[in-house]
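Engineer: File entry_39.cif follows (mmCIF, N, CA and C atoms and all ligand atoms):
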```
data_data
#
loop_
_atom_site.label_atom_id
_atom_site.label_comp_id
_atom_site.auth_asym_id
_atom_site.auth_seq_id
_atom_site.Cartn_x
_atom_site.Cartn_y
_atom_site.Cartn_z
N MET A 1 -1.37 -1.48 -8.83
CA MET A 1 -0.97 -2.57 -9.73
C MET A 1 -2.09 -2.93 -10.70
N TYR A 2 -3.29 -2.47 -10.38
CA TYR A 2 -4.42 -2.89 -11.20
C TYR A 2 -4.52 -2.16 -12.53
N HIS A 3 -3.62 -1.21 -12.78
CA HIS A 3 -3.65 -0.63 -14.12
C HIS A 3 -3.25 -1.68 -15.16
N PHE A 4 -2.49 -2.69 -14.76
CA PHE A 4 -2.16 -3.76 -15.71
C PHE A 4 -3.41 -4.56 -16.09
N SER A 5 -4.18 -4.95 -15.08
CA SER A 5 -5.35 -5.77 -15.40
C SER A 5 -6.39 -4.97 -16.17
N ARG A 6 -6.52 -3.68 -15.84
CA ARG A 6 -7.48 -2.87 -16.61
C ARG A 6 -7.01 -2.69 -18.05
N ALA A 7 -5.69 -2.58 -18.24
CA ALA A 7 -5.17 -2.43 -19.59
C ALA A 7 -5.42 -3.69 -20.42
N ILE A 8 -5.23 -4.85 -19.81
CA ILE A 8 -5.52 -6.10 -20.52
C ILE A 8 -7.00 -6.15 -20.88
N TYR A 9 -7.82 -5.85 -19.90
CA TYR A 9 -9.26 -5.91 -20.10
C TYR A 9 -9.69 -4.97 -21.22
N ARG A 10 -9.15 -3.75 -21.22
CA ARG A 10 -9.54 -2.79 -22.25
C ARG A 10 -9.19 -3.28 -23.65
N GLU A 11 -8.06 -3.97 -23.76
CA GLU A 11 -7.68 -4.47 -25.08
C GLU A 11 -8.57 -5.63 -25.53
N LEU A 12 -9.12 -6.33 -24.55
CA LEU A 12 -9.86 -7.55 -24.88
C LEU A 12 -11.36 -7.36 -24.94
N GLU A 13 -11.87 -6.30 -24.34
CA GLU A 13 -13.30 -6.24 -24.07
C GLU A 13 -14.18 -6.32 -25.33
N ASP A 14 -13.67 -5.78 -26.45
CA ASP A 14 -14.48 -5.81 -27.67
C ASP A 14 -14.72 -7.22 -28.20
N GLU A 15 -13.87 -8.15 -27.82
CA GLU A 15 -13.96 -9.51 -28.35
C GLU A 15 -14.77 -10.44 -27.45
N ILE A 16 -15.10 -9.99 -26.26
CA ILE A 16 -15.76 -10.89 -25.31
C ILE A 16 -17.13 -11.32 -25.83
N LEU A 17 -17.42 -12.59 -25.71
CA LEU A 17 -18.68 -13.15 -26.20
C LEU A 17 -19.87 -12.59 -25.43
N GLU A 18 -21.01 -12.55 -26.12
CA GLU A 18 -22.26 -12.17 -25.45
C GLU A 18 -22.56 -13.16 -24.33
N ASP A 19 -23.18 -12.68 -23.28
CA ASP A 19 -23.58 -13.59 -22.20
C ASP A 19 -24.65 -14.55 -22.71
N HIS A 20 -24.57 -15.76 -22.22
CA HIS A 20 -25.63 -16.73 -22.52
C HIS A 20 -26.92 -16.23 -21.88
N PRO A 21 -28.06 -16.32 -22.59
CA PRO A 21 -29.32 -15.78 -22.03
C PRO A 21 -29.70 -16.39 -20.69
N LEU A 22 -29.29 -17.62 -20.44
CA LEU A 22 -29.67 -18.26 -19.18
C LEU A 22 -28.58 -18.17 -18.12
N GLN A 23 -27.54 -17.45 -18.46
CA GLN A 23 -26.40 -17.36 -17.55
C GLN A 23 -26.78 -16.59 -16.27
N ALA A 24 -26.39 -17.12 -15.15
CA ALA A 24 -26.66 -16.44 -13.88
C ALA A 24 -25.36 -15.86 -13.33
N GLY A 25 -25.51 -14.88 -12.45
CA GLY A 25 -24.33 -14.35 -11.79
C GLY A 25 -23.58 -13.35 -12.64
N LEU A 26 -22.29 -13.44 -12.59
CA LEU A 26 -21.45 -12.45 -13.24
C LEU A 26 -21.59 -12.49 -14.75
N THR A 27 -21.43 -11.35 -15.39
CA THR A 27 -21.38 -11.32 -16.84
C THR A 27 -20.00 -11.77 -17.32
N ASN A 28 -19.92 -12.07 -18.60
CA ASN A 28 -18.62 -12.46 -19.15
C ASN A 28 -17.58 -11.36 -18.98
N HIS A 29 -18.02 -10.12 -19.13
CA HIS A 29 -17.08 -9.01 -18.97
C HIS A 29 -16.52 -8.96 -17.54
N GLU A 30 -17.40 -9.18 -16.57
CA GLU A 30 -16.94 -9.17 -15.17
C GLU A 30 -15.99 -10.34 -14.90
N ARG A 31 -16.31 -11.48 -15.50
CA ARG A 31 -15.45 -12.65 -15.28
C ARG A 31 -14.07 -12.44 -15.85
N VAL A 32 -14.01 -11.84 -17.03
CA VAL A 32 -12.71 -11.58 -17.66
C VAL A 32 -11.92 -10.59 -16.81
N LEU A 33 -12.57 -9.52 -16.40
CA LEU A 33 -11.86 -8.51 -15.61
C LEU A 33 -11.36 -9.11 -14.30
N ARG A 34 -12.19 -9.90 -13.64
CA ARG A 34 -11.77 -10.49 -12.36
C ARG A 34 -10.63 -11.47 -12.55
N ALA A 35 -10.65 -12.23 -13.63
CA ALA A 35 -9.56 -13.17 -13.88
C ALA A 35 -8.26 -12.41 -14.12
N CYS A 36 -8.34 -11.29 -14.85
CA CYS A 36 -7.15 -10.47 -15.09
C CYS A 36 -6.63 -9.90 -13.76
N GLU A 37 -7.52 -9.41 -12.93
CA GLU A 37 -7.10 -8.85 -11.65
C GLU A 37 -6.45 -9.91 -10.77
N ALA A 38 -7.05 -11.10 -10.76
CA ALA A 38 -6.50 -12.17 -9.92
C ALA A 38 -5.10 -12.55 -10.39
N ALA A 39 -4.92 -12.62 -11.71
CA ALA A 39 -3.62 -13.01 -12.24
C ALA A 39 -2.56 -11.95 -11.95
N ILE A 40 -2.93 -10.68 -12.12
CA ILE A 40 -1.98 -9.61 -11.85
C ILE A 40 -1.65 -9.55 -10.36
N HIS A 41 -2.66 -9.72 -9.54
CA HIS A 41 -2.43 -9.71 -8.10
C HIS A 41 -1.48 -10.83 -7.69
N ARG A 42 -1.70 -12.00 -8.27
CA ARG A 42 -0.84 -13.13 -7.95
C ARG A 42 0.59 -12.89 -8.44
N LEU A 43 0.69 -12.28 -9.61
CA LEU A 43 2.01 -11.99 -10.16
C LEU A 43 2.75 -10.99 -9.26
N ALA A 44 2.03 -10.02 -8.75
CA ALA A 44 2.67 -8.98 -7.94
C ALA A 44 3.08 -9.51 -6.57
N THR A 45 2.32 -10.44 -6.04
CA THR A 45 2.55 -10.84 -4.65
C THR A 45 3.21 -12.20 -4.53
N ASP A 46 3.17 -12.99 -5.58
CA ASP A 46 3.60 -14.38 -5.44
C ASP A 46 4.32 -14.84 -6.70
N MET A 47 5.11 -13.93 -7.27
CA MET A 47 5.72 -14.17 -8.58
C MET A 47 6.50 -15.47 -8.65
N HIS A 48 7.23 -15.79 -7.56
CA HIS A 48 8.14 -16.92 -7.64
C HIS A 48 7.42 -18.26 -7.68
N TYR A 49 6.17 -18.25 -7.27
CA TYR A 49 5.42 -19.50 -7.31
C TYR A 49 4.37 -19.49 -8.41
N PHE A 50 4.44 -18.51 -9.26
CA PHE A 50 3.48 -18.38 -10.35
C PHE A 50 4.24 -18.67 -11.63
N ALA A 51 4.32 -19.97 -11.97
CA ALA A 51 5.26 -20.40 -13.00
C ALA A 51 4.85 -19.96 -14.41
N LYS A 52 3.57 -20.05 -14.74
CA LYS A 52 3.16 -19.79 -16.12
C LYS A 52 2.01 -18.78 -16.14
N PRO A 53 2.32 -17.54 -15.86
CA PRO A 53 1.22 -16.55 -15.77
C PRO A 53 0.42 -16.39 -17.05
N THR A 54 1.08 -16.37 -18.19
CA THR A 54 0.35 -16.20 -19.45
C THR A 54 -0.62 -17.36 -19.66
N LYS A 55 -0.10 -18.57 -19.51
CA LYS A 55 -0.92 -19.75 -19.77
C LYS A 55 -2.08 -19.82 -18.77
N THR A 56 -1.80 -19.50 -17.52
CA THR A 56 -2.84 -19.56 -16.49
C THR A 56 -3.97 -18.59 -16.80
N LEU A 57 -3.62 -17.35 -17.07
CA LEU A 57 -4.67 -16.37 -17.34
C LEU A 57 -5.40 -16.70 -18.64
N PHE A 58 -4.65 -17.07 -19.65
CA PHE A 58 -5.29 -17.40 -20.93
C PHE A 58 -6.29 -18.55 -20.75
N ASN A 59 -5.89 -19.57 -20.03
CA ASN A 59 -6.81 -20.70 -19.80
C ASN A 59 -8.03 -20.28 -19.00
N ASP A 60 -7.86 -19.31 -18.11
CA ASP A 60 -8.99 -18.84 -17.32
C ASP A 60 -10.01 -18.06 -18.15
N ILE A 61 -9.56 -17.37 -19.17
CA ILE A 61 -10.48 -16.46 -19.86
C ILE A 61 -10.83 -16.89 -21.28
N ARG A 62 -10.15 -17.87 -21.82
CA ARG A 62 -10.33 -18.18 -23.25
C ARG A 62 -11.77 -18.57 -23.60
N VAL A 63 -12.47 -19.17 -22.65
CA VAL A 63 -13.84 -19.60 -22.94
C VAL A 63 -14.78 -18.41 -23.19
N TYR A 64 -14.36 -17.23 -22.81
CA TYR A 64 -15.23 -16.05 -23.00
C TYR A 64 -14.98 -15.36 -24.34
N PHE A 65 -14.17 -15.99 -25.19
CA PHE A 65 -13.85 -15.38 -26.48
C PHE A 65 -14.13 -16.37 -27.61
N PRO A 66 -14.49 -15.83 -28.77
CA PRO A 66 -14.74 -16.72 -29.91
C PRO A 66 -13.44 -17.36 -30.39
N MET A 67 -13.58 -18.47 -31.09
CA MET A 67 -12.42 -19.18 -31.62
C MET A 67 -11.53 -18.25 -32.43
N SER A 68 -12.16 -17.38 -33.21
CA SER A 68 -11.39 -16.51 -34.10
C SER A 68 -10.52 -15.51 -33.35
N ALA A 69 -10.80 -15.29 -32.09
CA ALA A 69 -10.04 -14.30 -31.34
C ALA A 69 -8.97 -14.92 -30.44
N GLN A 70 -8.91 -16.24 -30.38
CA GLN A 70 -8.04 -16.90 -29.41
C GLN A 70 -6.57 -16.48 -29.54
N LEU A 71 -6.08 -16.43 -30.76
CA LEU A 71 -4.67 -16.11 -30.94
C LEU A 71 -4.39 -14.68 -30.49
N ARG A 72 -5.29 -13.80 -30.86
CA ARG A 72 -5.11 -12.40 -30.46
C ARG A 72 -5.15 -12.26 -28.93
N VAL A 73 -6.10 -12.96 -28.31
CA VAL A 73 -6.22 -12.91 -26.85
C VAL A 73 -4.93 -13.42 -26.22
N TYR A 74 -4.42 -14.53 -26.74
CA TYR A 74 -3.19 -15.09 -26.18
C TYR A 74 -2.05 -14.09 -26.27
N LYS A 75 -1.92 -13.46 -27.42
CA LYS A 75 -0.81 -12.52 -27.61
C LYS A 75 -0.92 -11.31 -26.68
N ILE A 76 -2.13 -10.83 -26.50
CA ILE A 76 -2.32 -9.68 -25.60
C ILE A 76 -2.01 -10.09 -24.16
N VAL A 77 -2.54 -11.23 -23.76
CA VAL A 77 -2.27 -11.71 -22.41
C VAL A 77 -0.76 -11.88 -22.20
N ASP A 78 -0.10 -12.47 -23.18
CA ASP A 78 1.33 -12.73 -23.04
C ASP A 78 2.12 -11.42 -22.96
N ARG A 79 1.73 -10.46 -23.79
CA ARG A 79 2.44 -9.19 -23.79
C ARG A 79 2.33 -8.50 -22.44
N TYR A 80 1.11 -8.44 -21.91
CA TYR A 80 0.93 -7.73 -20.65
C TYR A 80 1.49 -8.51 -19.45
N MET A 81 1.35 -9.81 -19.46
CA MET A 81 1.86 -10.57 -18.32
C MET A 81 3.39 -10.53 -18.30
N THR A 82 4.00 -10.55 -19.47
CA THR A 82 5.46 -10.44 -19.53
C THR A 82 5.90 -9.06 -19.04
N PHE A 83 5.18 -8.05 -19.50
CA PHE A 83 5.50 -6.69 -19.10
C PHE A 83 5.32 -6.51 -17.58
N ALA A 84 4.20 -7.02 -17.07
CA ALA A 84 3.92 -6.88 -15.65
C ALA A 84 4.96 -7.65 -14.82
N ARG A 85 5.34 -8.82 -15.28
CA ARG A 85 6.32 -9.60 -14.53
C ARG A 85 7.66 -8.86 -14.46
N ASP A 86 8.08 -8.31 -15.60
CA ASP A 86 9.33 -7.55 -15.61
C ASP A 86 9.22 -6.34 -14.70
N TYR A 87 8.06 -5.72 -14.74
CA TYR A 87 7.86 -4.54 -13.92
C TYR A 87 7.94 -4.88 -12.43
N PHE A 88 7.24 -5.92 -12.03
CA PHE A 88 7.24 -6.30 -10.61
C PHE A 88 8.61 -6.80 -10.19
N ALA A 89 9.33 -7.43 -11.13
CA ALA A 89 10.66 -7.94 -10.80
C ALA A 89 11.64 -6.80 -10.57
N SER A 90 11.51 -5.72 -11.34
CA SER A 90 12.47 -4.63 -11.19
C SER A 90 11.99 -3.56 -10.22
N ASN A 91 10.74 -3.60 -9.84
CA ASN A 91 10.20 -2.67 -8.83
C ASN A 91 9.54 -3.48 -7.72
N PRO A 92 10.32 -4.27 -7.00
CA PRO A 92 9.67 -5.21 -6.09
C PRO A 92 8.78 -4.55 -5.04
N MET A 93 9.11 -3.34 -4.63
CA MET A 93 8.27 -2.72 -3.62
C MET A 93 7.36 -1.64 -4.21
N ALA A 94 7.52 -1.34 -5.47
CA ALA A 94 6.85 -0.18 -6.03
C ALA A 94 5.34 -0.22 -5.88
N GLU A 95 4.77 -1.37 -6.09
CA GLU A 95 3.32 -1.45 -6.05
C GLU A 95 2.82 -2.09 -4.77
N ARG A 96 3.73 -2.38 -3.88
CA ARG A 96 3.30 -3.00 -2.63
C ARG A 96 2.97 -1.90 -1.64
N MET A 97 2.24 -2.29 -0.65
CA MET A 97 1.94 -1.35 0.40
C MET A 97 3.13 -1.28 1.34
N GLU A 98 3.51 -0.07 1.69
CA GLU A 98 4.56 0.13 2.67
C GLU A 98 4.07 1.13 3.70
N CYS A 99 4.60 0.98 4.89
CA CYS A 99 4.33 1.95 5.94
C CYS A 99 4.77 3.33 5.47
N ARG A 100 4.00 4.35 5.86
CA ARG A 100 4.30 5.71 5.38
C ARG A 100 5.38 6.40 6.21
N ALA A 101 5.79 5.77 7.29
CA ALA A 101 6.72 6.43 8.19
C ALA A 101 8.16 6.37 7.67
N THR A 102 8.97 7.26 8.21
CA THR A 102 10.41 7.24 7.96
C THR A 102 11.10 6.83 9.25
N THR A 103 12.06 5.97 9.15
CA THR A 103 12.73 5.50 10.36
C THR A 103 13.72 6.54 10.86
N ARG A 104 14.29 6.26 12.02
CA ARG A 104 15.27 7.18 12.62
C ARG A 104 16.45 7.39 11.68
N ARG A 105 16.79 6.40 10.91
CA ARG A 105 17.92 6.54 9.99
C ARG A 105 17.55 7.32 8.72
N GLY A 106 16.31 7.69 8.61
CA GLY A 106 15.91 8.48 7.45
C GLY A 106 15.51 7.65 6.25
N THR A 107 15.42 6.34 6.42
CA THR A 107 14.98 5.49 5.32
C THR A 107 13.50 5.16 5.49
N PRO A 108 12.82 4.88 4.41
CA PRO A 108 11.40 4.54 4.55
C PRO A 108 11.21 3.25 5.34
N CYS A 109 10.25 3.26 6.20
CA CYS A 109 9.89 2.04 6.92
C CYS A 109 9.28 1.07 5.91
N GLN A 110 9.71 -0.16 5.92
CA GLN A 110 9.23 -1.10 4.90
C GLN A 110 8.29 -2.15 5.46
N ARG A 111 7.85 -1.95 6.68
CA ARG A 111 6.90 -2.92 7.21
C ARG A 111 5.53 -2.75 6.56
N SER A 112 4.73 -3.78 6.65
CA SER A 112 3.40 -3.72 6.04
C SER A 112 2.48 -2.84 6.87
N PRO A 113 1.80 -1.91 6.22
CA PRO A 113 0.91 -1.03 6.95
C PRO A 113 -0.45 -1.67 7.20
N LEU A 114 -1.16 -1.10 8.15
CA LEU A 114 -2.56 -1.47 8.31
C LEU A 114 -3.36 -0.67 7.29
N PRO A 115 -4.35 -1.31 6.69
CA PRO A 115 -5.04 -0.65 5.57
C PRO A 115 -5.76 0.64 5.95
N HIS A 116 -6.20 0.79 7.19
CA HIS A 116 -7.05 1.95 7.48
C HIS A 116 -6.26 3.27 7.56
N ASN A 117 -4.95 3.22 7.87
CA ASN A 117 -4.24 4.50 7.90
C ASN A 117 -2.86 4.48 7.25
N GLY A 118 -2.43 3.33 6.77
CA GLY A 118 -1.17 3.31 6.02
C GLY A 118 0.08 3.26 6.87
N TYR A 119 -0.06 3.07 8.19
CA TYR A 119 1.11 2.91 9.04
C TYR A 119 1.17 1.48 9.58
N CYS A 120 2.41 1.00 9.75
CA CYS A 120 2.57 -0.33 10.32
C CYS A 120 2.22 -0.29 11.81
N PRO A 121 2.09 -1.46 12.45
CA PRO A 121 1.70 -1.48 13.87
C PRO A 121 2.62 -0.64 14.77
N SER A 122 3.92 -0.61 14.50
CA SER A 122 4.80 0.15 15.40
C SER A 122 4.81 1.65 15.11
N HIS A 123 4.16 2.07 14.04
CA HIS A 123 4.09 3.50 13.75
C HIS A 123 2.67 4.05 13.85
N GLN A 124 1.81 3.30 14.51
CA GLN A 124 0.41 3.73 14.62
C GLN A 124 0.27 5.11 15.27
N HIS A 125 1.19 5.43 16.19
CA HIS A 125 1.09 6.72 16.88
C HIS A 125 1.18 7.88 15.90
N LEU A 126 1.82 7.67 14.75
CA LEU A 126 1.96 8.76 13.78
C LEU A 126 0.63 9.11 13.13
N ALA A 127 -0.25 8.16 13.07
CA ALA A 127 -1.54 8.42 12.44
C ALA A 127 -2.33 9.46 13.22
N GLU A 128 -2.13 9.50 14.54
CA GLU A 128 -2.88 10.44 15.37
C GLU A 128 -2.30 11.84 15.32
N THR A 129 -1.04 11.94 14.92
CA THR A 129 -0.38 13.25 14.90
C THR A 129 0.01 13.59 13.47
N GLU A 130 -0.91 13.27 12.59
CA GLU A 130 -0.67 13.33 11.15
C GLU A 130 0.04 14.61 10.68
N ASP A 131 -0.35 15.75 11.22
CA ASP A 131 0.20 17.02 10.71
C ASP A 131 1.47 17.46 11.41
N ILE A 132 1.84 16.78 12.48
CA ILE A 132 3.03 17.19 13.22
C ILE A 132 4.20 16.30 12.81
N PRO A 133 5.27 16.87 12.28
CA PRO A 133 6.40 16.02 11.90
C PRO A 133 7.11 15.48 13.13
N ILE A 134 7.17 14.18 13.24
CA ILE A 134 7.81 13.55 14.39
C ILE A 134 8.80 12.52 13.85
N ALA A 135 10.00 12.51 14.38
CA ALA A 135 10.96 11.49 13.98
C ALA A 135 10.50 10.14 14.51
N ALA A 136 10.49 9.17 13.67
CA ALA A 136 9.99 7.87 14.07
C ALA A 136 11.02 7.14 14.92
ZN ZN B 1 6.39 1.64 10.09
#
```
Can you present the structure in this file as structure tokens?
Ligand SMILES: [Zn+2]

Structural biologist:
Amino acid sequence: MYHFSRAIYRELEDEILEDHPLQAGLTNHERVLRACEAAIHRLATDMHYFAKPTKTLFNDIRVYFPMSAQLRVYKIVDRYMTFARDYFASNPMAERMECRATTRRGTPCQRSPLPHNGYCPSHQHLAETEDIPIAA
């Protein structure tokens, strides 16, 4: 899902303000990228409670851009957030993690996998027999 946030960032990066000389911690570029990632992640996982994604992300990052770029930044944010929202709405599972196993009925298992091997808790045995096809 992070190709959306990287795409936003790539369109915006040329406009990002120079870091303040006394600024500590993250650079402006890192802050913008992280804000984009957070917004896209929230959109993908919590769309129904994320009422104004464009406004939220724009408000998070606008301080890192000059006044002259604000309108352009807003339009880019709006374009990508609208696109991402439509995408997540029509592909609800496409970018989510799903268990890699197939159920007895031949449909993909849709339970959440454990991150270390991509199988849900009830299909953990498949991780050990990775190369042997076993009906789940
Ligand atoms: Zn499973």

Engineer: Residues within 6.5 Å of ligand ZN 1 (chain B), counting only N, CA and C atoms and all ligand atoms: report them as a list in words.

Structural biologist: Cys99, Arg100, Ala101, Thr102, Cys109, Gln110, Arg111, Tyr119, Cys120, Pro121, Ser122 and His123 of chain A

Engineer: For a test of reading the model, state the distance in Å between atom N of Leu57 (chain A) and atom N of Arg79 (chain A), rounded to one decimal.

Structural biologist: 11.0 Å

Engineer: Could you give me, as a ChimeraX atom specification, each residue of chain A that DSSP assigns to alpha helix (DSSP H) when run on this structure's backbone?

Structural biologist: /A:2-12,28-46,53-61,70-90,124-128

Engineer: Between atom N of Asp78 (chain A) and CA of Thr54 (chain A), measure the distance and give it in Å to one decimal.

Structural biologist: 5.3 Å

Engineer: In Å, rounded to a single decimal, give me how far CA of Tyr49 (chain A) is from CA of Asn91 (chain A).

Structural biologist: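 Result for CA of Asn91 (chain A) versus CA of Tyr49 (chain A): 17.6 Å, one decimal.
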
Engineer: Looking at A:Leu17, A:Leu126, A:Leu26, A:Ala89, which one is nearest to Asp46 (chain A), with distances taken over only C-alpha atoms?

Structural biologist: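 Using only C-alpha atoms, the shortest distance to Asp46 (chain A) belongs to A:Ala89.
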
Engineer: Skipping near chain neighbours, those fewer than 5 positions away, what residues fall within 10 Å of Asn59 (chain A) using only C-alpha atoms, listed as a list of chain:residue names?

Structural biologist: A:Ala35, A:Pro53, A:Thr54, A:Tyr74

Engineer: Restrict the selected residues to N, CA and C atoms and save them as a tab-separated table (two decimals), keeping the file's coordinate frame.

Structural biologist:
```tsv
chain	number	residue	atom	x	y	z
A	35	ALA	N	-10.65	-12.23	-13.63
A	35	ALA	CA	-9.56	-13.17	-13.88
A	35	ALA	C	-8.26	-12.41	-14.12
A	53	PRO	N	2.32	-17.54	-15.86
A	53	PRO	CA	1.22	-16.55	-15.77
A	53	PRO	C	0.42	-16.39	-17.05
A	54	THR	N	1.08	-16.37	-18.19
A	54	THR	CA	0.35	-16.20	-19.45
A	54	THR	C	-0.62	-17.36	-19.66
A	74	TYR	N	-4.42	-14.53	-26.74
A	74	TYR	CA	-3.19	-15.09	-26.18
A	74	TYR	C	-2.05	-14.09	-26.27
```

Engineer: Hey, what's within 12 Å of Ala51 (chain A) if we count only C-alpha atoms and toss same-chain stuff fewer than 5 positions away? As a PyMOL selection string, please?

Structural biologist: chain A and resi 39+42-43+46+56-57+81-82+85

Engineer: Write out as a PyMOL selection string each polymer residue whose atoms come within 8 Å of Ile61 (chain A), counting all atoms listed in the file; drop sequence neighbours fewer than 6 positions from it.

Structural biologist: chain A and resi 31-32+35-36+55

Engineer: Rank A:Glu15, A:Thr129, A:Asn28, A:His116 by their smallest atom-to-atom distance to Phe65 (chain A), using all atoms listed in the file, and report the top residue only.

Structural biologist: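 Smallest distance to Phe65 (chain A) is found for A:Glu15.
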
Engineer: For Tyr2 (chain A), which residue among A:Ile40, A:Leu114, A:Ala127, A:Met47 is the nearest when counting all atoms listed in the file?

Structural biologist: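 The closest residue to Tyr2 (chain A) is A:Ile40.
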
Engineer: Would you please work out which residue, of A:Ala44, A:Val63, A:Leu71, A:Leu33, is nearest to Glu18 (chain A) when using only C-alpha atoms?

Structural biologist: A:Val63
